[in-house]
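model_21.tsv follows; it contains TSV, C-alpha atoms.
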```
chain	number	residue	atom	x	y	z
A	1	MET	CA	93.21	89.27	72.32
A	2	GLY	CA	94.81	86.73	74.66
A	3	ASN	CA	94.21	83.05	75.22
A	4	LYS	CA	91.44	81.80	77.45
A	5	ALA	CA	92.47	81.95	81.11
A	6	TYR	CA	90.83	81.32	84.47
A	7	LEU	CA	90.84	82.42	88.08
A	8	VAL	CA	90.22	79.48	90.40
A	9	LEU	CA	89.36	80.47	93.97
A	10	GLU	CA	89.95	78.23	96.97
A	11	ASN	CA	86.17	77.97	97.49
A	12	GLY	CA	85.95	76.27	94.08
A	13	LYS	CA	84.45	79.19	92.17
A	14	VAL	CA	85.94	79.73	88.69
A	15	PHE	CA	85.98	82.92	86.62
A	16	CYS	CA	86.76	82.65	82.91
A	17	GLY	CA	88.49	85.43	80.98
A	18	GLU	CA	91.52	86.04	78.79
A	19	SER	CA	95.21	86.26	79.58
A	20	PHE	CA	97.41	89.29	78.98
A	21	GLY	CA	100.90	90.17	80.03
A	22	ALA	CA	103.30	87.36	80.88
A	23	ALA	CA	102.47	83.72	80.21
A	24	GLY	CA	102.21	81.14	82.97
A	25	GLU	CA	100.21	80.54	86.12
A	26	VAL	CA	100.38	81.98	89.61
A	27	THR	CA	98.91	81.12	93.01
A	28	ALA	CA	98.50	83.90	95.58
A	29	GLU	CA	96.13	85.69	97.92
A	30	VAL	CA	93.39	87.50	95.96
A	31	VAL	CA	92.57	91.05	97.10
A	32	PHE	CA	90.71	93.97	95.57
A	33	THR	CA	91.42	97.69	95.46
A	34	THR	CA	88.81	100.38	94.82
A	35	GLY	CA	91.05	103.12	93.39
A	36	MET	CA	89.71	104.72	90.20
A	37	THR	CA	93.20	105.95	89.31
A	38	GLY	CA	96.70	105.16	90.53
A	39	TYR	CA	97.10	101.72	88.97
A	40	LEU	CA	100.81	102.39	88.41
A	41	GLU	CA	101.29	103.17	92.10
A	42	THR	CA	99.40	99.97	92.94
A	43	LEU	CA	101.54	97.85	90.62
A	44	THR	CA	104.78	99.20	92.11
A	45	ASP	CA	103.65	99.06	95.76
A	46	LYS	CA	105.65	96.32	97.50
A	47	SER	CA	102.87	95.96	100.10
A	48	TYR	CA	101.09	93.80	97.48
A	49	PHE	CA	103.90	91.21	97.59
A	50	GLY	CA	102.47	87.68	97.33
A	51	GLN	CA	99.05	88.86	96.18
A	52	ILE	CA	96.87	88.90	93.07
A	53	VAL	CA	95.28	92.35	92.80
A	54	VAL	CA	91.76	92.91	91.44
A	55	GLN	CA	90.93	96.42	90.21
A	56	THR	CA	87.26	97.24	90.81
A	57	PHE	CA	87.39	100.15	88.35
A	58	PRO	CA	86.50	98.60	84.95
A	59	LEU	CA	89.04	100.22	82.59
A	60	ILE	CA	92.71	100.11	83.56
A	61	GLY	CA	95.74	101.31	81.58
A	62	ASN	CA	94.18	104.29	79.81
A	63	TYR	CA	97.10	106.61	80.66
A	64	GLY	CA	99.74	104.00	79.93
A	65	VAL	CA	103.00	103.25	81.74
A	66	ILE	CA	104.72	106.25	83.34
A	67	PRO	CA	107.94	105.31	85.20
A	68	SER	CA	108.10	108.63	87.07
A	69	ASP	CA	104.88	107.63	88.87
A	70	PHE	CA	106.31	104.33	90.14
A	71	GLU	CA	106.52	103.79	93.92
A	72	GLY	CA	109.43	101.37	93.61
A	73	LYS	CA	111.69	99.60	91.17
A	74	ILE	CA	110.00	96.20	91.49
A	75	ILE	CA	106.44	95.06	90.84
A	76	GLY	CA	104.51	94.34	94.04
A	77	PRO	CA	101.69	91.96	93.04
A	78	CYS	CA	102.43	88.68	91.27
A	79	GLY	CA	99.11	88.70	89.42
A	80	TYR	CA	96.72	91.37	88.16
A	81	ILE	CA	93.01	91.14	87.27
A	82	VAL	CA	90.99	93.77	85.42
A	83	LYS	CA	87.68	93.96	83.59
A	84	GLU	CA	89.35	95.61	80.58
A	85	TRP	CA	92.87	96.86	79.86
A	86	CYS	CA	93.38	99.77	77.48
A	87	GLN	CA	95.31	98.76	74.37
A	88	SER	CA	95.76	102.33	73.12
A	89	PRO	CA	96.74	104.50	76.11
A	90	SER	CA	96.73	108.27	75.68
A	91	ASN	CA	98.97	110.45	77.83
A	92	PHE	CA	101.85	112.75	76.92
A	93	ARG	CA	104.03	111.05	79.59
A	94	SER	CA	103.18	107.48	78.61
A	95	GLU	CA	106.04	105.19	77.62
A	96	GLY	CA	104.03	102.10	76.71
A	97	ASP	CA	101.04	99.89	77.45
A	98	LEU	CA	100.34	97.48	80.32
A	99	ASP	CA	100.48	94.32	78.22
A	100	THR	CA	104.02	95.03	77.02
A	101	PHE	CA	105.08	96.21	80.47
A	102	PHE	CA	103.75	93.01	82.07
A	103	LYS	CA	105.54	90.82	79.55
A	104	GLU	CA	108.80	92.63	80.33
A	105	ARG	CA	108.33	92.34	84.10
A	106	GLY	CA	106.85	88.83	84.24
A	107	VAL	CA	103.45	89.87	85.61
A	108	ILE	CA	100.59	87.49	84.82
A	109	GLY	CA	97.37	89.30	83.91
A	110	LEU	CA	93.74	88.23	83.54
A	111	CYS	CA	91.07	90.36	81.88
A	112	GLY	CA	87.51	90.04	80.66
A	113	ILE	CA	86.00	88.62	83.85
A	114	ASP	CA	83.20	90.15	85.91
A	115	THR	CA	85.35	91.96	88.48
A	116	ARG	CA	82.25	93.29	90.24
A	117	ALA	CA	81.03	89.74	90.89
A	118	LEU	CA	84.52	88.69	92.02
A	119	THR	CA	84.73	91.62	94.44
A	120	LYS	CA	81.35	90.69	95.91
A	121	VAL	CA	82.60	87.15	96.53
A	122	ILE	CA	85.64	88.47	98.39
A	123	ARG	CA	83.56	90.96	100.39
A	124	GLU	CA	81.07	88.30	101.44
A	125	SER	CA	83.44	85.39	102.03
A	126	GLY	CA	86.61	87.27	102.92
A	127	VAL	CA	90.03	87.36	101.29
A	128	MET	CA	90.95	83.97	99.88
A	129	ASN	CA	93.65	82.34	97.80
A	130	GLY	CA	93.35	81.75	94.09
A	131	MET	CA	95.20	80.69	90.96
A	132	ILE	CA	95.38	82.31	87.54
A	133	THR	CA	95.86	79.55	84.97
A	134	THR	CA	95.21	78.71	81.31
A	135	GLU	CA	94.67	75.02	82.07
A	136	LEU	CA	91.86	73.84	84.34
A	137	THR	CA	92.71	70.14	84.17
A	138	HIS	CA	95.83	70.47	86.33
A	139	VAL	CA	94.62	72.78	89.11
A	140	ASP	CA	96.05	71.75	92.49
A	141	MET	CA	93.39	72.79	95.03
A	142	ASP	CA	95.60	71.70	97.94
A	143	LYS	CA	98.29	74.11	96.75
A	144	ILE	CA	95.75	76.91	96.52
A	145	HIS	CA	94.39	76.21	100.02
A	146	SER	CA	97.81	76.00	101.63
A	147	TYR	CA	99.30	79.13	100.06
A	148	ARG	CA	100.53	81.74	102.54
A	149	VAL	CA	102.54	84.94	102.12
A	150	THR	CA	105.92	84.32	103.76
A	151	ASN	CA	109.28	86.12	104.04
A	152	ALA	CA	107.52	89.23	102.81
A	153	VAL	CA	109.60	91.95	104.43
A	154	GLU	CA	112.91	90.17	103.82
A	155	SER	CA	112.01	89.78	100.14
A	156	THR	CA	111.16	93.45	99.55
A	157	SER	CA	113.59	95.41	101.75
A	158	VAL	CA	116.87	96.91	100.51
A	159	THR	CA	119.98	94.98	101.54
A	160	GLU	CA	122.27	97.93	102.20
A	161	MET	CA	121.96	101.54	103.33
A	162	THR	CA	121.55	104.23	100.69
A	163	ARG	CA	121.86	107.97	101.33
A	164	ARG	CA	120.64	110.64	98.92
A	165	GLU	CA	122.04	114.10	99.57
A	166	ASN	CA	119.56	116.92	100.03
A	167	PRO	CA	120.91	120.42	99.20
A	168	GLU	CA	118.24	121.90	101.51
A	169	LYS	CA	119.10	119.59	104.39
A	170	THR	CA	117.82	120.56	107.83
A	171	CYS	CA	117.84	117.10	109.45
A	172	THR	CA	118.64	113.44	108.87
A	173	VAL	CA	115.97	110.71	108.93
A	174	ALA	CA	116.51	106.95	108.86
A	175	LEU	CA	113.81	105.27	106.76
A	176	LEU	CA	113.54	101.65	107.88
A	177	ASP	CA	112.54	99.78	104.74
A	178	TYR	CA	109.89	97.13	105.27
A	179	GLY	CA	108.77	97.63	101.64
A	180	TYR	CA	108.70	101.42	101.43
A	181	LYS	CA	106.97	103.59	98.84
A	182	GLU	CA	109.09	106.18	97.07
A	183	ASN	CA	106.68	108.99	97.86
A	184	ILE	CA	107.45	108.61	101.58
A	185	ARG	CA	111.03	109.51	100.81
A	186	ARG	CA	109.88	112.40	98.60
A	187	GLU	CA	107.68	113.87	101.35
A	188	LEU	CA	110.56	113.69	103.83
A	189	GLU	CA	113.01	115.28	101.39
A	190	LYS	CA	110.52	117.99	100.48
A	191	ARG	CA	110.63	119.15	104.10
A	192	GLY	CA	114.40	119.25	104.28
A	193	ALA	CA	115.35	115.76	105.41
A	194	GLU	CA	118.38	113.89	104.17
A	195	VAL	CA	116.98	110.36	104.04
A	196	ILE	CA	119.00	107.23	104.71
A	197	VAL	CA	117.07	104.18	103.50
A	198	CYS	CA	118.02	101.31	105.83
A	199	PRO	CA	117.45	97.54	105.62
A	200	TYR	CA	114.58	96.20	107.70
A	201	ASN	CA	116.95	94.61	110.25
A	202	THR	CA	119.12	97.67	110.94
A	203	THR	CA	119.88	97.70	114.67
A	204	ALA	CA	119.60	100.50	117.21
A	205	ASP	CA	123.40	100.66	117.50
A	206	GLU	CA	123.73	101.02	113.74
A	207	LEU	CA	121.15	103.82	113.76
A	208	LYS	CA	122.95	105.64	116.57
A	209	ALA	CA	126.11	105.68	114.48
A	210	LEU	CA	124.26	107.59	111.73
A	211	ASN	CA	123.63	110.61	113.96
A	212	ILE	CA	119.98	110.81	112.91
A	213	ASP	CA	117.22	113.14	114.08
A	214	GLY	CA	114.31	110.73	113.62
A	215	VAL	CA	113.20	107.32	112.39
A	216	MET	CA	110.51	106.56	109.81
A	217	LEU	CA	108.97	103.07	109.86
A	218	SER	CA	107.72	102.28	106.37
A	219	ASN	CA	104.82	100.37	104.93
A	220	GLY	CA	105.29	96.81	103.74
A	221	PRO	CA	103.69	93.42	103.02
A	222	GLY	CA	102.63	90.36	104.99
A	223	ASP	CA	101.41	89.50	108.46
A	224	PRO	CA	103.03	91.94	110.93
A	225	ALA	CA	103.15	89.30	113.68
A	226	ASP	CA	105.49	87.16	111.54
A	227	ASN	CA	108.29	89.69	112.03
A	228	ILE	CA	109.45	88.57	115.47
A	229	GLU	CA	113.06	89.76	115.15
A	230	VAL	CA	111.97	93.11	113.73
A	231	ILE	CA	109.60	93.64	116.65
A	232	GLU	CA	112.34	92.86	119.18
A	233	ASN	CA	114.66	95.25	117.36
A	234	LEU	CA	112.04	98.00	117.46
A	235	LYS	CA	111.89	97.74	121.26
A	236	LYS	CA	115.55	98.76	121.36
A	237	ILE	CA	115.06	101.49	118.75
A	238	MET	CA	112.25	102.97	120.84
A	239	ASN	CA	114.68	103.35	123.75
A	240	MET	CA	116.90	105.62	121.65
A	241	GLY	CA	114.53	108.48	122.39
A	242	LYS	CA	114.43	109.62	118.76
A	243	PRO	CA	111.09	110.69	117.23
A	244	LEU	CA	109.35	107.79	115.48
A	245	PHE	CA	106.70	107.92	112.75
A	246	GLY	CA	105.18	104.66	111.49
A	247	ILE	CA	103.06	104.14	108.37
A	248	CYS	CA	100.95	101.03	107.61
A	249	LEU	CA	103.13	97.99	108.45
A	250	GLY	CA	105.41	100.31	110.42
A	251	HIS	CA	102.35	101.34	112.45
A	252	GLN	CA	101.47	97.71	113.15
A	253	LEU	CA	105.03	96.70	114.06
A	254	LEU	CA	105.36	99.61	116.49
A	255	ALA	CA	102.10	98.56	118.14
A	256	LEU	CA	103.33	94.96	118.48
A	257	ALA	CA	106.61	96.21	119.97
A	258	ASN	CA	104.55	97.96	122.65
A	259	GLY	CA	102.61	94.80	123.52
A	260	PHE	CA	99.43	95.47	121.53
A	261	LYS	CA	97.90	92.92	119.14
A	262	THR	CA	97.03	92.82	115.43
A	263	GLU	CA	94.35	90.89	113.55
A	264	LYS	CA	93.58	89.98	109.96
A	265	LEU	CA	90.62	91.84	108.50
A	266	LYS	CA	87.92	90.09	106.50
A	267	TYR	CA	88.90	91.77	103.24
A	268	GLY	CA	91.11	94.69	104.26
A	269	HIS	CA	91.15	98.32	103.17
A	270	ARG	CA	92.65	98.95	99.73
A	271	GLY	CA	91.92	102.07	97.71
A	272	THR	CA	92.12	105.86	97.72
A	273	ASN	CA	88.75	106.65	99.27
A	274	GLN	CA	88.91	105.35	102.86
A	275	PRO	CA	87.43	107.76	105.45
A	276	VAL	CA	89.33	108.06	108.75
A	277	GLN	CA	88.46	110.13	111.80
A	278	ASN	CA	90.86	111.99	114.06
A	279	LEU	CA	89.58	110.98	117.50
A	280	GLU	CA	91.12	114.06	119.11
A	281	THR	CA	89.41	116.63	116.87
A	282	GLY	CA	86.52	114.68	115.34
A	283	ARG	CA	87.58	115.70	111.84
A	284	VAL	CA	87.21	113.14	109.03
A	285	TYR	CA	89.83	112.78	106.29
A	286	ILE	CA	89.81	110.85	103.01
A	287	SER	CA	92.83	108.55	102.91
A	288	SER	CA	94.68	106.12	100.69
A	289	GLN	CA	95.12	102.65	102.18
A	290	ASN	CA	96.49	99.21	101.41
A	291	HIS	CA	96.40	96.74	104.27
A	292	GLY	CA	94.85	93.45	105.30
A	293	TYR	CA	95.76	93.60	109.01
A	294	ALA	CA	94.91	96.10	111.74
A	295	VAL	CA	95.88	96.93	115.31
A	296	VAL	CA	93.21	95.67	117.74
A	297	SER	CA	91.88	98.79	119.47
A	298	SER	CA	90.92	96.97	122.67
A	299	THR	CA	94.52	95.87	123.22
A	300	ILE	CA	95.95	99.41	123.28
A	301	ASP	CA	97.12	100.02	126.84
A	302	PRO	CA	95.92	103.53	127.87
A	303	GLU	CA	98.99	103.84	130.08
A	304	ILE	CA	101.17	103.55	126.98
A	305	ALA	CA	99.18	105.11	124.13
A	306	ASP	CA	95.85	106.41	122.85
A	307	GLU	CA	94.06	105.54	119.66
A	308	TYR	CA	94.63	108.50	117.32
A	309	PHE	CA	92.50	107.72	114.24
A	310	ASN	CA	89.93	105.09	113.36
A	311	ASN	CA	88.13	103.97	110.22
A	312	VAL	CA	84.70	105.54	109.78
A	313	ASN	CA	83.36	102.48	107.94
A	314	ASP	CA	84.25	99.71	110.40
A	315	ARG	CA	85.83	101.63	113.34
A	316	THR	CA	89.08	99.67	113.19
A	317	CYS	CA	92.21	101.37	114.48
A	318	GLU	CA	93.87	103.75	112.00
A	319	GLY	CA	96.42	105.47	114.22
A	320	VAL	CA	98.14	105.48	117.61
A	321	ARG	CA	99.76	108.30	119.58
A	322	TYR	CA	102.25	107.19	122.21
A	323	LYS	CA	102.65	108.76	125.65
A	324	LYS	CA	106.00	107.54	126.98
A	325	ILE	CA	108.05	107.84	123.79
A	326	PRO	CA	108.09	110.54	121.07
A	327	ALA	CA	106.15	108.48	118.54
A	328	PHE	CA	102.94	108.20	116.59
A	329	SER	CA	101.77	106.02	113.73
A	330	VAL	CA	98.98	105.72	111.18
A	331	GLN	CA	97.51	102.81	109.26
A	332	PHE	CA	96.77	104.86	106.14
A	333	HIS	CA	99.19	106.53	103.70
A	334	PRO	CA	99.56	110.28	104.35
A	335	GLU	CA	102.10	110.52	101.51
A	336	ALA	CA	99.57	109.30	98.94
A	337	CYS	CA	97.45	112.47	98.65
A	338	GLY	CA	94.08	110.76	99.08
A	339	GLY	CA	92.17	113.99	99.73
A	340	PRO	CA	94.33	115.11	97.76
A	341	ARG	CA	96.40	116.72	100.55
A	342	ASP	CA	94.26	115.92	103.57
A	343	THR	CA	96.69	113.96	105.72
A	344	ALA	CA	100.08	115.22	104.53
A	345	PHE	CA	100.14	117.40	107.68
A	346	LEU	CA	101.26	114.30	109.60
A	347	PHE	CA	104.70	114.66	108.04
A	348	ASP	CA	104.79	118.20	109.41
A	349	LYS	CA	103.97	116.83	112.87
A	350	PHE	CA	106.89	114.44	112.57
A	351	PHE	CA	109.23	117.32	111.77
A	352	GLU	CA	107.84	119.31	114.69
A	353	MET	CA	108.72	116.37	116.95
A	354	MET	CA	112.27	116.55	115.63
A	355	GLY	CA	112.35	120.29	116.30
A	356	LYS	CA	112.68	121.09	112.59
```
Would you write out, as structure tokens, the structure that this file holds?
Amino acid sequence: MGNKAYLVLENGKVFCGESFGAAGEVTAEVVFTTGMTGYLETLTDKSYFGQIVVQTFPLIGNYGVIPSDFEGKIIGPCGYIVKEWCQSPSNFRSEGDLDTFFKERGVIGLCGIDTRALTKVIRESGVMNGMITTELTHVDMDKIHSYRVTNAVESTSVTEMTRRENPEKTCTVALLDYGYKENIRRELEKRGAEVIVCPYNTTADELKALNIDGVMLSNGPGDPADNIEVIENLKKIMNMGKPLFGICLGHQLLALANGFKTEKLKYGHRGTNQPVQNLETGRVYISSQNHGYAVVSSTIDPEIADEYFNNVNDRTCEGVRYKKIPAFSVQFHPEACGGPRDTAFLFDKFFEMMGK
């Protein structure tokens, strides 16, 4: 077992457990996710950039490390907290255990704490900063209080365009990378798209030169309102007249580009069991989500757009359908098979908009 380690929250509460994975200490925003499976997708989701992730499910790592399930090449969270990690994973695809994987990738882990109690603290008090450390005598509370996720999109986006040929190509889609998940690309390719992954700051003129049929706005980390230049760029991209489909951060950025507002939620929606309702049909879907911010429903201008989906639990905005441009967006992840296939039809709608 590992050495004694601690989680120190900005409200002064301390949880004592044991370290695993990489050695060291880390300060970040502490969030929880309720997924019972999918820990590999969580670990490789760049939307968790700058955060320490708490898994509410008690046993993590039982099916090992499976690279083909990764959502990206880099690790999203900078810290990881579990009740118990499995030291002897069993799966025919497994290529190792979490402890070894974390040591290789520099991820600091904490296990053996009461994750249920920690989750209750976050639910009641709201998301807060914290530090994982092995030494309590040198904890800098000012550093914990002042921590903020910054330069999130810039730090996770690709730096140059990449095109992957599709032998069944029927159209070309530009995927603007704000921290995209690999399964978004897979869902596009599955339907016949040749996908060009583009840096977050790709301009409208650069997109026009690619002769694309549509634009996908990806998920990503951080406060959407921080991305001032991206939002201004999106206003020009909207004027291209190409079909637009936004997911998660892409949904929020598109809303901001249309003059709507976003807000930080008390503890966000993170997990694979979030119910959302289609406001046009009344049907409820089970969705996968990972976000701490939301579009403010009351700021959606009915002349410009209508709210498309909302969250059944707290009625926050989960989707927007635009009236003056060929665009729609959702807060949840339709590529993540939450239902397991409930909301994948949204990709089909995007292709219908492109006439494909």
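Near Pro243 (chain A), within 12 Å and counting all atoms listed in the file, sit Thr172, Val173, Ala174, Ile212, Asp213, Gly214, Val215, Met216, Leu217, Ile237, Met238, Arg321, Tyr322, Lys324, Ile325, Pro326, Ala327, Phe328, Ser329, Phe347, Lys349, Phe350, Phe351, Glu352, Met353, Met354, Gly355 and Lys356 of chain A; same-chain residues fewer than 5 positions away were not included.
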Next, write the just-selected residues to a file, as an mmCIF file, keeping the file's coordinate frame, keeping C-alpha atoms as the atom set.
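Done, and the output landed in again_6.cif:
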```
data_model
loop_
_atom_site.group_PDB
_atom_site.id
_atom_site.type_symbol
_atom_site.label_atom_id
_atom_site.label_comp_id
_atom_site.auth_asym_id
_atom_site.auth_seq_id
_atom_site.Cartn_x
_atom_site.Cartn_y
_atom_site.Cartn_z
ATOM 1 C CA THR A 172 118.640 113.440 108.870
ATOM 2 C CA VAL A 173 115.970 110.710 108.930
ATOM 3 C CA ALA A 174 116.510 106.950 108.860
ATOM 4 C CA ILE A 212 119.980 110.810 112.910
ATOM 5 C CA ASP A 213 117.220 113.140 114.080
ATOM 6 C CA GLY A 214 114.310 110.730 113.620
ATOM 7 C CA VAL A 215 113.200 107.320 112.390
ATOM 8 C CA MET A 216 110.510 106.560 109.810
ATOM 9 C CA LEU A 217 108.970 103.070 109.860
ATOM 10 C CA ILE A 237 115.060 101.490 118.750
ATOM 11 C CA MET A 238 112.250 102.970 120.840
ATOM 12 C CA ARG A 321 99.760 108.300 119.580
ATOM 13 C CA TYR A 322 102.250 107.190 122.210
ATOM 14 C CA LYS A 324 106.000 107.540 126.980
ATOM 15 C CA ILE A 325 108.050 107.840 123.790
ATOM 16 C CA PRO A 326 108.090 110.540 121.070
ATOM 17 C CA ALA A 327 106.150 108.480 118.540
ATOM 18 C CA PHE A 328 102.940 108.200 116.590
ATOM 19 C CA SER A 329 101.770 106.020 113.730
ATOM 20 C CA PHE A 347 104.700 114.660 108.040
ATOM 21 C CA LYS A 349 103.970 116.830 112.870
ATOM 22 C CA PHE A 350 106.890 114.440 112.570
ATOM 23 C CA PHE A 351 109.230 117.320 111.770
ATOM 24 C CA GLU A 352 107.840 119.310 114.690
ATOM 25 C CA MET A 353 108.720 116.370 116.950
ATOM 26 C CA MET A 354 112.270 116.550 115.630
ATOM 27 C CA GLY A 355 112.350 120.290 116.300
ATOM 28 C CA LYS A 356 112.680 121.090 112.590
#
```
Which residue is closest to Ala344 (chain A)? Choose from A:Leu118, A:Asn201, A:Ala225, A:Asn183 and count all atoms listed in the file.
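That would be A:Asn183, the residue with the smallest distance to Ala344 (chain A).
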Can you pull out the residues contacting Ile184 (chain A)? Cut-off 12 Å, using all atoms listed in the file, and skip same-chain residues under 6 positions away; I want them as a VMD selection string.
chain A and resid 45 71 to 72 173 to 177 190 to 191 193 195 197 216 to 219 245 to 248 333 to 337 344 346 to 347
Just write the chosen residues, C-alpha atoms, as an mmCIF file, in the coordinates of the input.
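Final output, selection_38.cif:
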```cif
data_model
loop_
_atom_site.group_PDB
_atom_site.id
_atom_site.type_symbol
_atom_site.label_atom_id
_atom_site.label_comp_id
_atom_site.auth_asym_id
_atom_site.auth_seq_id
_atom_site.Cartn_x
_atom_site.Cartn_y
_atom_site.Cartn_z
ATOM 1 C CA ASP A 45 103.650 99.060 95.760
ATOM 2 C CA GLU A 71 106.520 103.790 93.920
ATOM 3 C CA GLY A 72 109.430 101.370 93.610
ATOM 4 C CA VAL A 173 115.970 110.710 108.930
ATOM 5 C CA ALA A 174 116.510 106.950 108.860
ATOM 6 C CA LEU A 175 113.810 105.270 106.760
ATOM 7 C CA LEU A 176 113.540 101.650 107.880
ATOM 8 C CA ASP A 177 112.540 99.780 104.740
ATOM 9 C CA LYS A 190 110.520 117.990 100.480
ATOM 10 C CA ARG A 191 110.630 119.150 104.100
ATOM 11 C CA ALA A 193 115.350 115.760 105.410
ATOM 12 C CA VAL A 195 116.980 110.360 104.040
ATOM 13 C CA VAL A 197 117.070 104.180 103.500
ATOM 14 C CA MET A 216 110.510 106.560 109.810
ATOM 15 C CA LEU A 217 108.970 103.070 109.860
ATOM 16 C CA SER A 218 107.720 102.280 106.370
ATOM 17 C CA ASN A 219 104.820 100.370 104.930
ATOM 18 C CA PHE A 245 106.700 107.920 112.750
ATOM 19 C CA GLY A 246 105.180 104.660 111.490
ATOM 20 C CA ILE A 247 103.060 104.140 108.370
ATOM 21 C CA CYS A 248 100.950 101.030 107.610
ATOM 22 C CA HIS A 333 99.190 106.530 103.700
ATOM 23 C CA PRO A 334 99.560 110.280 104.350
ATOM 24 C CA GLU A 335 102.100 110.520 101.510
ATOM 25 C CA ALA A 336 99.570 109.300 98.940
ATOM 26 C CA CYS A 337 97.450 112.470 98.650
ATOM 27 C CA ALA A 344 100.080 115.220 104.530
ATOM 28 C CA LEU A 346 101.260 114.300 109.600
ATOM 29 C CA PHE A 347 104.700 114.660 108.040
#
```
Between A:Val54, A:Asp114, A:Gly79, A:Val65, which one has atoms that come closest to Gly96 (chain A), using only C-alpha atoms?
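Counting only C-alpha atoms, the residue closest to Gly96 (chain A) is A:Val65.
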What's the separation between CA of Met161 (chain A) and CA of Cys198 (chain A), in Å to one decimal place?
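Distance reported for this atom pair: 4.7 Å.
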Pick out the residues sitting within 9 Å of Gly192 (chain A), and hand them over as a list in words; count all atoms listed in the file, and ignore anything fewer than 2 positions along from it in its own chain.
Asn166, Pro167, Glu168, Lys169, Thr170, Cys171, Thr172, Leu188, Glu189, Lys190, Glu194 and Lys356 of chain A
Skip Thr316 (chain A) itself and residues of its chain fewer than 6 positions away, then list as a PyMOL selection string all residues within 9 Å of it, counting all atoms listed in the file.
chain A and resi 294-297+309-310
Among listed residues A:Cys16, A:Leu98, A:Ile228, A:Ile81, nearest Thr115 (chain A) (using all atoms listed in the file)
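Residue with the minimum atom-to-atom distance to Thr115 (chain A): A:Ile81.
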When you draw a straight line from CA of Leu210 (chain A) to CA of Tyr180 (chain A), how long is it in Å?
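About the pair CA of Leu210 (chain A) and CA of Tyr180 (chain A): they are 19.7 Å apart.
Across the structure, CA of Gln274 (chain A) and CA of Ile108 (chain A) are spaced 27.9 Å apart.
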Test item: residues at most 8 Å from Pro275 (chain A), all atoms listed in the file, excluding those fewer than 3 positions along its chain, as a list in words
Val284, Tyr285, Ile286, Ser287, Asn311, Val312 and Asn313 of chain A
Would you be able to write out as an mmCIF file with C-alpha atoms, in the coordinates of the input which residues have an atom within 8 Å of (100.5, 92.5, 95.0) in the file's coordinates, counting only C-alpha atoms?
```cif
data_model
loop_
_atom_site.group_PDB
_atom_site.id
_atom_site.type_symbol
_atom_site.label_atom_id
_atom_site.label_comp_id
_atom_site.auth_asym_id
_atom_site.auth_seq_id
_atom_site.Cartn_x
_atom_site.Cartn_y
_atom_site.Cartn_z
ATOM 1 C CA THR A 42 99.400 99.970 92.940
ATOM 2 C CA LEU A 43 101.540 97.850 90.620
ATOM 3 C CA ASP A 45 103.650 99.060 95.760
ATOM 4 C CA LYS A 46 105.650 96.320 97.500
ATOM 5 C CA SER A 47 102.870 95.960 100.100
ATOM 6 C CA TYR A 48 101.090 93.800 97.480
ATOM 7 C CA PHE A 49 103.900 91.210 97.590
ATOM 8 C CA GLY A 50 102.470 87.680 97.330
ATOM 9 C CA GLN A 51 99.050 88.860 96.180
ATOM 10 C CA ILE A 52 96.870 88.900 93.070
ATOM 11 C CA VAL A 53 95.280 92.350 92.800
ATOM 12 C CA ILE A 75 106.440 95.060 90.840
ATOM 13 C CA GLY A 76 104.510 94.340 94.040
ATOM 14 C CA PRO A 77 101.690 91.960 93.040
ATOM 15 C CA CYS A 78 102.430 88.680 91.270
ATOM 16 C CA GLY A 79 99.110 88.700 89.420
ATOM 17 C CA TYR A 80 96.720 91.370 88.160
#
```
Enclosing box along x, y and z for every listed atom of region 329-332 of chain A, padded 5 Å each side, centre and size in Å, one decimal, as JSON:
```
{"center_x": 99.3, "center_y": 104.4, "center_z": 109.9, "size_x": 15.0, "size_y": 13.2, "size_z": 17.6}
```
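Among the candidates A:Tyr63, A:Tyr39, A:Phe102, A:Phe92, the residue lying nearest to Ala23 (chain A) is A:Phe102 (atoms considered: only C-alpha atoms).
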Using only C-alpha atoms, which of A:Glu182, A:Ile74, A:Asp97, A:Gly17 sits nearest Asn62 (chain A)?
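The closest residue to Asn62 (chain A) is A:Asp97.
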Measuring atom to atom with all atoms listed in the file, identify which of A:Cys317, A:Leu244, A:Ser68, A:Lys83 is nearest to Glu95 (chain A).
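That would be A:Ser68, the residue with the smallest distance to Glu95 (chain A).
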